[in-house]
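Colleague: The following block contains the structure, expressed as structure tokens.
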Protein chains: 2
Amino acid sequence: MKKYIPILKNTQLFSGASDEDIEAMLGCLQAKLCTYEKGEYVLREGERVERLMMLVKGELHIQRDDYWGNRSIISMVGVGEMFGEAYAAPESGPLMNDVLAVEDSAVIFLDIGKLLTVCPNCCKFHAMAVKNLFFAISEKNRKLVRKLGYMSRRTTREKLIAYLSEEAKRQNSGSFSIPFNRQQLADFLSVDRSAMSNELCKLRDEGLIEFEKNRFRLL
Amino acid sequence: MKKYIPILKNTQLFSGASDEDIEAMLGCLQAKLCTYEKGEYVLREGERVERLMMLVKGELHIQRDDYWGNRSIISMVGVGEMFGEAYAAPESGPLMNDVLAVEDSAVIFLDIGKLLTVCPNCCKFHAMAVKNLFFAISEKNRKLVRKLGYMSRRTTREKLIAYLSEEAKRQNSGSFSIPFNRQQLADFLSVDRSAMSNELCKLRDEGLIEFEKNRFRLL
DNA sequence: TCCTTTTCGTTGTAAAAACAACCGACTTGT
DNA sequence: ACAAGTCGGTTGTTTTTACAACGAAAAGGA
């Protein structure tokens, strides 16, 4: 677990913590490390989780398949990001989504209850971590609202434009990469892949965008 | 402000607090009360807010109108619910949505920074409030994910079924009221009102649901 | 290298949604 | 009681999407 401390140091939760702080916290929060192979499920819809999870290696998708097999990618998780924090509350029901490893991945599980109740060991970093946790979850909240912004568009074209322009703004450049291939982008925006592919090409032919693979440029 | 203490007592943030606790917190968090008439905007997209807001009277919609005038209702806020908590973080950008009073309303503004930093006055209830705040925001998070669940359905019919069955589950009854009229429901699900009305009637004719005004029953 | 699999663009068709327009029932205010 | 406005259902037309099927290019494995 120790080898991941440099990564944890760059996470939002442990932002501002020293190596010693993190080691103390890992003990205090009963950290456990699990690894997953590409294609393996980290969590399944319907499971109950009470732990906060943090991705220290690989890449995950938070997703859900409906009755007819249509997949929706709710969000993706990169190294250093946490997930599952919304299910720490005691009244939170079972998990609503699957969590799938799309790369070989490693996840650290933390007991969030220990963080929220007054720590008997009184880690130095404790109070700061609570604040960090709050900021992290509120950022995730804004991210979900942003996504609702794309999703509430009526047409595939509008969804694409909304998503791409938001992504350009976020990455501070008209030229940027997205973390999805075509099928995944379609799943993320909840549209049909072929229709989306078609619309992308129309946008290109109209001179609005350029793209190659997962690299886009807005004109 | 005092007259709203009974309402505050039933909010998630102040859950478990005594009247005295609440009065102390209101002072500590520099509570301010504002009132709004039906149709008035509480907040506008692009504004910066750093305060946590709590609705103590009336009803609000968190919504957004796009360039072409299509309105999306992100969520509705009832008495005792809080909003704006996701914008308390210093890095949070400006507000992404409008907040509209759909009834005559009253809102209490709280300085959330005071809650997250150690309180100089050390209110007795302080630590509990932090925990409550975390649970509240994580519940809101789950609510957003649930809504993404409806929105990611491909057809109006599927969106309706997803929404209605979720609502039935949430209210523990096949017969329930929804807090929207038809136009608002359409805005909430981001579909066309007339198409939705049409689909609702089809569902009724097929014997899947019954409804009258905003009261529904699943069969 | 060769074979298999994945990815992406393309096309045609059927299904669904958006849009606009209209009507009747019901509210609200005067 | 009347006029104006709101709300919800209905219909027809146009636009858009979903779906299925195919082929070329690229990636990956043996």
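Simple scheme: letters A, B, ... for chains in structure tokens order, numbers from 1 for residues in each chain, numbers from 1 for ligands in the order shown.
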Using the chain letters and numbers from this document, which residues of region 17-143 of chain A does DSSP assign to helix (DSSP H, G or I), as a PDB file with C-alpha atoms, in the first residue's frame?
Modeller:
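Result file is selection.pdb:
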```pdb
ATOM      1  CA  ASP A  19       3.401  11.453   4.043  1.00  0.00           C
ATOM      2  CA  GLU A  20       3.109  10.897   7.770  1.00  0.00           C
ATOM      3  CA  ASP A  21      -0.426  12.283   7.840  1.00  0.00           C
ATOM      4  CA  ILE A  22      -1.421   9.891   5.088  1.00  0.00           C
ATOM      5  CA  GLU A  23       0.130   6.884   6.736  1.00  0.00           C
ATOM      6  CA  ALA A  24      -1.652   7.743   9.956  1.00  0.00           C
ATOM      7  CA  MET A  25      -4.931   8.204   8.132  1.00  0.00           C
ATOM      8  CA  LEU A  26      -4.588   4.933   6.236  1.00  0.00           C
ATOM      9  CA  GLY A  27      -4.272   3.127   9.535  1.00  0.00           C
ATOM     10  CA  CYS A  28      -7.036   5.102  11.156  1.00  0.00           C
ATOM     11  CA  GLU A  85     -18.686   8.439  -1.208  1.00  0.00           C
ATOM     12  CA  ALA A  86     -22.387   9.039  -1.836  1.00  0.00           C
ATOM     13  CA  TYR A  87     -23.222   5.679  -0.300  1.00  0.00           C
ATOM     14  CA  ILE A 112     -15.532   6.666   6.010  1.00  0.00           C
ATOM     15  CA  GLY A 113     -17.496   6.311   9.236  1.00  0.00           C
ATOM     16  CA  LYS A 114     -14.221   6.699  11.092  1.00  0.00           C
ATOM     17  CA  LEU A 115     -13.648   9.957   9.296  1.00  0.00           C
ATOM     18  CA  LEU A 116     -16.994  11.440  10.170  1.00  0.00           C
ATOM     19  CA  HIS A 126      -8.553  14.642  10.573  1.00  0.00           C
ATOM     20  CA  ALA A 127     -10.394  17.986  10.444  1.00  0.00           C
ATOM     21  CA  MET A 128      -8.767  18.913   7.169  1.00  0.00           C
ATOM     22  CA  ALA A 129      -9.789  15.603   5.644  1.00  0.00           C
ATOM     23  CA  VAL A 130     -13.429  16.217   6.499  1.00  0.00           C
ATOM     24  CA  LYS A 131     -13.283  19.551   4.727  1.00  0.00           C
ATOM     25  CA  ASN A 132     -11.512  18.003   1.741  1.00  0.00           C
ATOM     26  CA  LEU A 133     -14.105  15.262   1.585  1.00  0.00           C
ATOM     27  CA  PHE A 134     -16.846  17.830   1.504  1.00  0.00           C
ATOM     28  CA  PHE A 135     -15.215  19.744  -1.323  1.00  0.00           C
ATOM     29  CA  ALA A 136     -14.662  16.559  -3.255  1.00  0.00           C
ATOM     30  CA  ILE A 137     -18.243  15.457  -3.032  1.00  0.00           C
ATOM     31  CA  SER A 138     -19.489  18.904  -3.906  1.00  0.00           C
ATOM     32  CA  GLU A 139     -17.282  18.888  -6.976  1.00  0.00           C
ATOM     33  CA  LYS A 140     -18.733  15.554  -7.964  1.00  0.00           C
ATOM     34  CA  ASN A 141     -22.121  17.091  -7.502  1.00  0.00           C
ATOM     35  CA  ARG A 142     -21.322  19.854  -9.942  1.00  0.00           C
ATOM     36  CA  LYS A 143     -19.983  17.301 -12.362  1.00  0.00           C
TER      37      LYS A 143
END
```
Colleague: Counting only C-alpha atoms (C1' of nucleotides), collect the residues of chain D whose closest atom lies at most 9 Å from chain B, and write them out as a short mmCIF file (atom, residue, chain, number, x, y, z; two decimals) with C-alpha atoms (C1' of nucleotides), in the first residue's frame.
Modeller:
```cif
data_model
loop_
_atom_site.label_atom_id
_atom_site.label_comp_id
_atom_site.auth_asym_id
_atom_site.auth_seq_id
_atom_site.Cartn_x
_atom_site.Cartn_y
_atom_site.Cartn_z
"C1'" DC D 7 -53.69 23.48 -18.45
"C1'" DG D 8 -54.03 19.15 -20.67
"C1'" DG D 9 -55.33 16.26 -24.59
"C1'" DT D 10 -55.34 15.53 -29.71
"C1'" DA D 18 -32.77 3.92 -33.32
#
```
Colleague: Got a sec: who's within 12 Å of DT11 (chain C), counting only C-alpha atoms (C1' of nucleotides), leaving out chain neighbours fewer than 6 positions off, as number ranges by chain?
Modeller: A: 194-195, 198; D: 20-23
Colleague: Please produce a file of the residues just selected, as a compact mmCIF listing (two decimals), in the first residue's frame, where the atoms kept are N, CA and C atoms (P, O5', C5', C4', C3', O3' and C1' of nucleotides).
Modeller:
```txt
# COMPACT_ATOMS: atom_id res chain seq x y z
N SER A 194 -24.05 4.77 -34.02
CA SER A 194 -23.97 5.07 -35.45
C SER A 194 -24.58 6.43 -35.76
N ALA A 195 -25.67 6.76 -35.08
CA ALA A 195 -26.27 8.07 -35.29
C ALA A 195 -25.32 9.16 -34.85
N ASN A 198 -22.49 9.52 -37.27
CA ASN A 198 -23.03 10.25 -38.41
C ASN A 198 -23.05 11.76 -38.13
P DA D 20 -31.77 -4.19 -33.93
O5' DA D 20 -31.39 -4.61 -35.41
C5' DA D 20 -32.25 -4.23 -36.49
C4' DA D 20 -31.50 -4.37 -37.79
C3' DA D 20 -30.36 -5.39 -37.75
O3' DA D 20 -30.38 -6.16 -38.94
C1' DA D 20 -29.53 -3.33 -38.48
P DA D 21 -29.46 -7.45 -39.15
O5' DA D 21 -28.91 -7.28 -40.62
C5' DA D 21 -29.33 -6.17 -41.44
C4' DA D 21 -28.14 -5.65 -42.20
C3' DA D 21 -26.95 -6.60 -42.24
O3' DA D 21 -26.56 -6.82 -43.59
C1' DA D 21 -26.26 -4.43 -41.66
P DC D 22 -25.41 -7.86 -44.00
O5' DC D 22 -24.26 -6.91 -44.51
C5' DC D 22 -24.57 -5.86 -45.41
C4' DC D 22 -23.38 -4.93 -45.52
C3' DC D 22 -22.04 -5.66 -45.59
O3' DC D 22 -21.42 -5.36 -46.83
C1' DC D 22 -21.98 -3.81 -44.07
P DG D 23 -20.10 -6.17 -47.27
O5' DG D 23 -18.99 -5.04 -47.18
C5' DG D 23 -19.28 -3.72 -47.66
C4' DG D 23 -18.13 -2.82 -47.28
C3' DG D 23 -16.76 -3.49 -47.39
O3' DG D 23 -15.83 -2.54 -47.88
C1' DG D 23 -17.11 -2.75 -45.18
```
Colleague: Output as an NGL selection string the set of chain C residues within 9 Å of chain B, with distances taken over only C-alpha atoms (C1' of nucleotides).
Modeller: :C and (16-19)
Colleague: Could you pull out the strand (DSSP E) residues of region 20-189 of chain A from DSSP and send them as a count of residues only?
Modeller: 44
Colleague: Hey, what's within 12 Å of Val79 (chain A) if we count only C-alpha atoms (C1' of nucleotides) and toss same-chain stuff fewer than 3 positions away? As JSON, numbers by chain, please?
Modeller: {"A": [4, 6, 7, 8, 9, 10, 11, 12, 53, 54, 55, 56, 57, 58, 59, 60, 61, 76, 82, 83, 101, 103, 104, 105, 106, 107, 108]}
Colleague: Could you dump the residues just selected with N, CA and C atoms as an mmCIF file, in the first residue's frame?
Modeller:
```
data_model
loop_
_atom_site.group_PDB
_atom_site.id
_atom_site.type_symbol
_atom_site.label_atom_id
_atom_site.label_comp_id
_atom_site.auth_asym_id
_atom_site.auth_seq_id
_atom_site.Cartn_x
_atom_site.Cartn_y
_atom_site.Cartn_z
ATOM 1 N N TYR A 4 1.686 3.586 -2.943
ATOM 2 C CA TYR A 4 0.688 4.471 -3.539
ATOM 3 C C TYR A 4 0.593 5.823 -2.828
ATOM 4 N N PRO A 6 2.499 8.438 -2.860
ATOM 5 C CA PRO A 6 2.667 9.615 -3.736
ATOM 6 C C PRO A 6 1.395 9.933 -4.522
ATOM 7 N N ILE A 7 0.682 8.889 -4.900
ATOM 8 C CA ILE A 7 -0.574 9.111 -5.628
ATOM 9 C C ILE A 7 -1.636 9.690 -4.701
ATOM 10 N N LEU A 8 -1.733 9.108 -3.517
ATOM 11 C CA LEU A 8 -2.724 9.596 -2.562
ATOM 12 C C LEU A 8 -2.484 11.064 -2.217
ATOM 13 N N LYS A 9 -1.213 11.416 -2.200
ATOM 14 C CA LYS A 9 -0.859 12.801 -1.866
ATOM 15 C C LYS A 9 -1.487 13.785 -2.843
ATOM 16 N N ASN A 10 -1.683 13.355 -4.058
ATOM 17 C CA ASN A 10 -2.249 14.240 -5.070
ATOM 18 C C ASN A 10 -3.762 14.156 -5.172
ATOM 19 N N THR A 11 -4.372 13.377 -4.304
ATOM 20 C CA THR A 11 -5.831 13.305 -4.352
ATOM 21 C C THR A 11 -6.438 14.476 -3.601
ATOM 22 N N GLN A 12 -7.692 14.718 -3.935
ATOM 23 C CA GLN A 12 -8.392 15.831 -3.307
ATOM 24 C C GLN A 12 -8.554 15.578 -1.812
ATOM 25 N N MET A 53 -14.055 4.646 -1.714
ATOM 26 C CA MET A 53 -13.041 3.976 -2.505
ATOM 27 C C MET A 53 -12.214 4.982 -3.286
ATOM 28 N N MET A 54 -10.959 4.629 -3.468
ATOM 29 C CA MET A 54 -10.071 5.549 -4.150
ATOM 30 C C MET A 54 -9.250 4.775 -5.171
ATOM 31 N N LEU A 55 -9.308 5.242 -6.404
ATOM 32 C CA LEU A 55 -8.582 4.537 -7.464
ATOM 33 C C LEU A 55 -7.127 4.992 -7.474
ATOM 34 N N VAL A 56 -6.203 4.042 -7.308
ATOM 35 C CA VAL A 56 -4.791 4.410 -7.296
ATOM 36 C C VAL A 56 -4.060 3.888 -8.524
ATOM 37 N N LYS A 57 -4.766 3.088 -9.331
ATOM 38 C CA LYS A 57 -4.141 2.597 -10.565
ATOM 39 C C LYS A 57 -5.242 2.178 -11.528
ATOM 40 N N GLY A 58 -5.072 2.475 -12.811
ATOM 41 C CA GLY A 58 -6.016 2.013 -13.812
ATOM 42 C C GLY A 58 -7.109 3.017 -14.135
ATOM 43 N N GLU A 59 -8.257 2.500 -14.546
ATOM 44 C CA GLU A 59 -9.375 3.368 -14.922
ATOM 45 C C GLU A 59 -10.678 2.600 -14.767
ATOM 46 N N LEU A 60 -11.690 3.288 -14.254
ATOM 47 C CA LEU A 60 -12.989 2.647 -14.021
ATOM 48 C C LEU A 60 -14.099 3.407 -14.733
ATOM 49 N N HIS A 61 -15.169 2.713 -15.010
ATOM 50 C CA HIS A 61 -16.399 3.355 -15.469
ATOM 51 C C HIS A 61 -17.510 3.070 -14.478
ATOM 52 N N MET A 76 -16.671 8.485 -15.516
ATOM 53 C CA MET A 76 -15.476 7.657 -15.466
ATOM 54 C C MET A 76 -14.583 8.115 -14.330
ATOM 55 N N MET A 82 -11.924 9.545 -6.249
ATOM 56 C CA MET A 82 -12.613 8.647 -5.339
ATOM 57 C C MET A 82 -14.014 8.367 -5.860
ATOM 58 N N PHE A 83 -14.624 7.344 -5.338
ATOM 59 C CA PHE A 83 -16.006 7.036 -5.727
ATOM 60 C C PHE A 83 -16.685 6.288 -4.587
ATOM 61 N N ALA A 101 -13.845 -2.125 -14.162
ATOM 62 C CA ALA A 101 -12.455 -1.762 -14.463
ATOM 63 C C ALA A 101 -12.247 -1.848 -15.970
ATOM 64 N N GLU A 103 -9.364 -0.837 -17.256
ATOM 65 C CA GLU A 103 -7.936 -1.152 -17.310
ATOM 66 C C GLU A 103 -7.626 -1.996 -16.072
ATOM 67 N N ASP A 104 -6.467 -2.632 -16.056
ATOM 68 C CA ASP A 104 -6.030 -3.265 -14.815
ATOM 69 C C ASP A 104 -5.949 -2.183 -13.742
ATOM 70 N N SER A 105 -6.597 -2.421 -12.619
ATOM 71 C CA SER A 105 -6.775 -1.328 -11.662
ATOM 72 C C SER A 105 -6.490 -1.745 -10.224
ATOM 73 N N ALA A 106 -6.244 -0.750 -9.386
ATOM 74 C CA ALA A 106 -6.074 -0.989 -7.953
ATOM 75 C C ALA A 106 -6.879 0.045 -7.191
ATOM 76 N N VAL A 107 -7.580 -0.424 -6.166
ATOM 77 C CA VAL A 107 -8.501 0.433 -5.424
ATOM 78 C C VAL A 107 -8.209 0.326 -3.932
ATOM 79 N N ILE A 108 -8.189 1.476 -3.257
ATOM 80 C CA ILE A 108 -8.044 1.476 -1.798
ATOM 81 C C ILE A 108 -9.409 1.757 -1.175
#
```
Colleague: With distances taken over only C-alpha atoms, which of B:Glu158, B:Glu167, B:Glu199, B:Glu206 is nearest to chain A?
Modeller: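 The answer is B:Glu158, which sits nearest to chain A.
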Colleague: Write out as a list of chain:residue names the residues lying within 12 Å of DC3 (chain C), counting only C-alpha atoms (C1' of nucleotides) and excluding same-chain residues fewer than 6 positions away.
Modeller: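 Within the cut-off, the hits are D:DG28, D:DG29, D:DA30.
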Colleague: Could you turn the residues from that selection into a file that holds N, CA and C atoms (P, O5', C5', C4', C3', O3' and C1' of nucleotides), as a PDB file, in the first residue's frame?
Modeller:
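File written: again-v5.pdb
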```pdb
ATOM      1  P    DG D  28      -3.804  -1.942 -29.554  1.00  0.00           P
ATOM      2  O5'  DG D  28      -3.924  -3.529 -29.498  1.00  0.00           O
ATOM      3  C5'  DG D  28      -5.211  -4.143 -29.535  1.00  0.00           C
ATOM      4  C4'  DG D  28      -5.062  -5.645 -29.584  1.00  0.00           C
ATOM      5  C3'  DG D  28      -3.818  -6.167 -28.858  1.00  0.00           C
ATOM      6  O3'  DG D  28      -4.199  -7.292 -28.065  1.00  0.00           O
ATOM      7  C1'  DG D  28      -3.833  -6.936 -31.099  1.00  0.00           C
ATOM      8  P    DG D  29      -3.109  -8.008 -27.096  1.00  0.00           P
ATOM      9  O5'  DG D  29      -3.271  -9.533 -27.497  1.00  0.00           O
ATOM     10  C5'  DG D  29      -4.188  -9.886 -28.519  1.00  0.00           C
ATOM     11  C4'  DG D  29      -4.040 -11.324 -28.934  1.00  0.00           C
ATOM     12  C3'  DG D  29      -2.924 -12.111 -28.249  1.00  0.00           C
ATOM     13  O3'  DG D  29      -3.308 -13.482 -28.184  1.00  0.00           O
ATOM     14  C1'  DG D  29      -2.387 -11.814 -30.543  1.00  0.00           C
ATOM     15  P    DA D  30      -2.347 -14.541 -27.534  1.00  0.00           P
ATOM     16  O5'  DA D  30      -1.958 -15.453 -28.772  1.00  0.00           O
ATOM     17  C5'  DA D  30      -2.992 -15.971 -29.618  1.00  0.00           C
ATOM     18  C4'  DA D  30      -2.363 -16.732 -30.769  1.00  0.00           C
ATOM     19  C3'  DA D  30      -1.249 -17.701 -30.344  1.00  0.00           C
ATOM     20  O3'  DA D  30      -1.318 -18.880 -31.145  1.00  0.00           O
ATOM     21  C1'  DA D  30      -0.362 -16.081 -31.824  1.00  0.00           C
TER      22       DA D  30
END
```
Colleague: Measure the distance from CA of Leu43 (chain B) to CA of Leu100 (chain B) in Å and round it to one decimal.
Modeller: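 Result for CA of Leu43 (chain B) versus CA of Leu100 (chain B): 7.2 Å, one decimal.
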Colleague: Suppose you want the space between CA of Phe176 (chain B) and CA of Leu160 (chain B); what is it in Å?
Modeller: 14.3 Å
Colleague: What is the distance between CA of Leu208 (chain B) and CA of Gln63 (chain A), in Å to one decimal?
Modeller: 28.4 Å
Colleague: Compare B:Val102, B:Cys123, B:Ala89, B:Ala162 by their minimum atom-to-atom distance to chain A, counting only C-alpha atoms, and give me the closest one.
Modeller: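 Closest to chain A, using only C-alpha atoms: B:Ala89.
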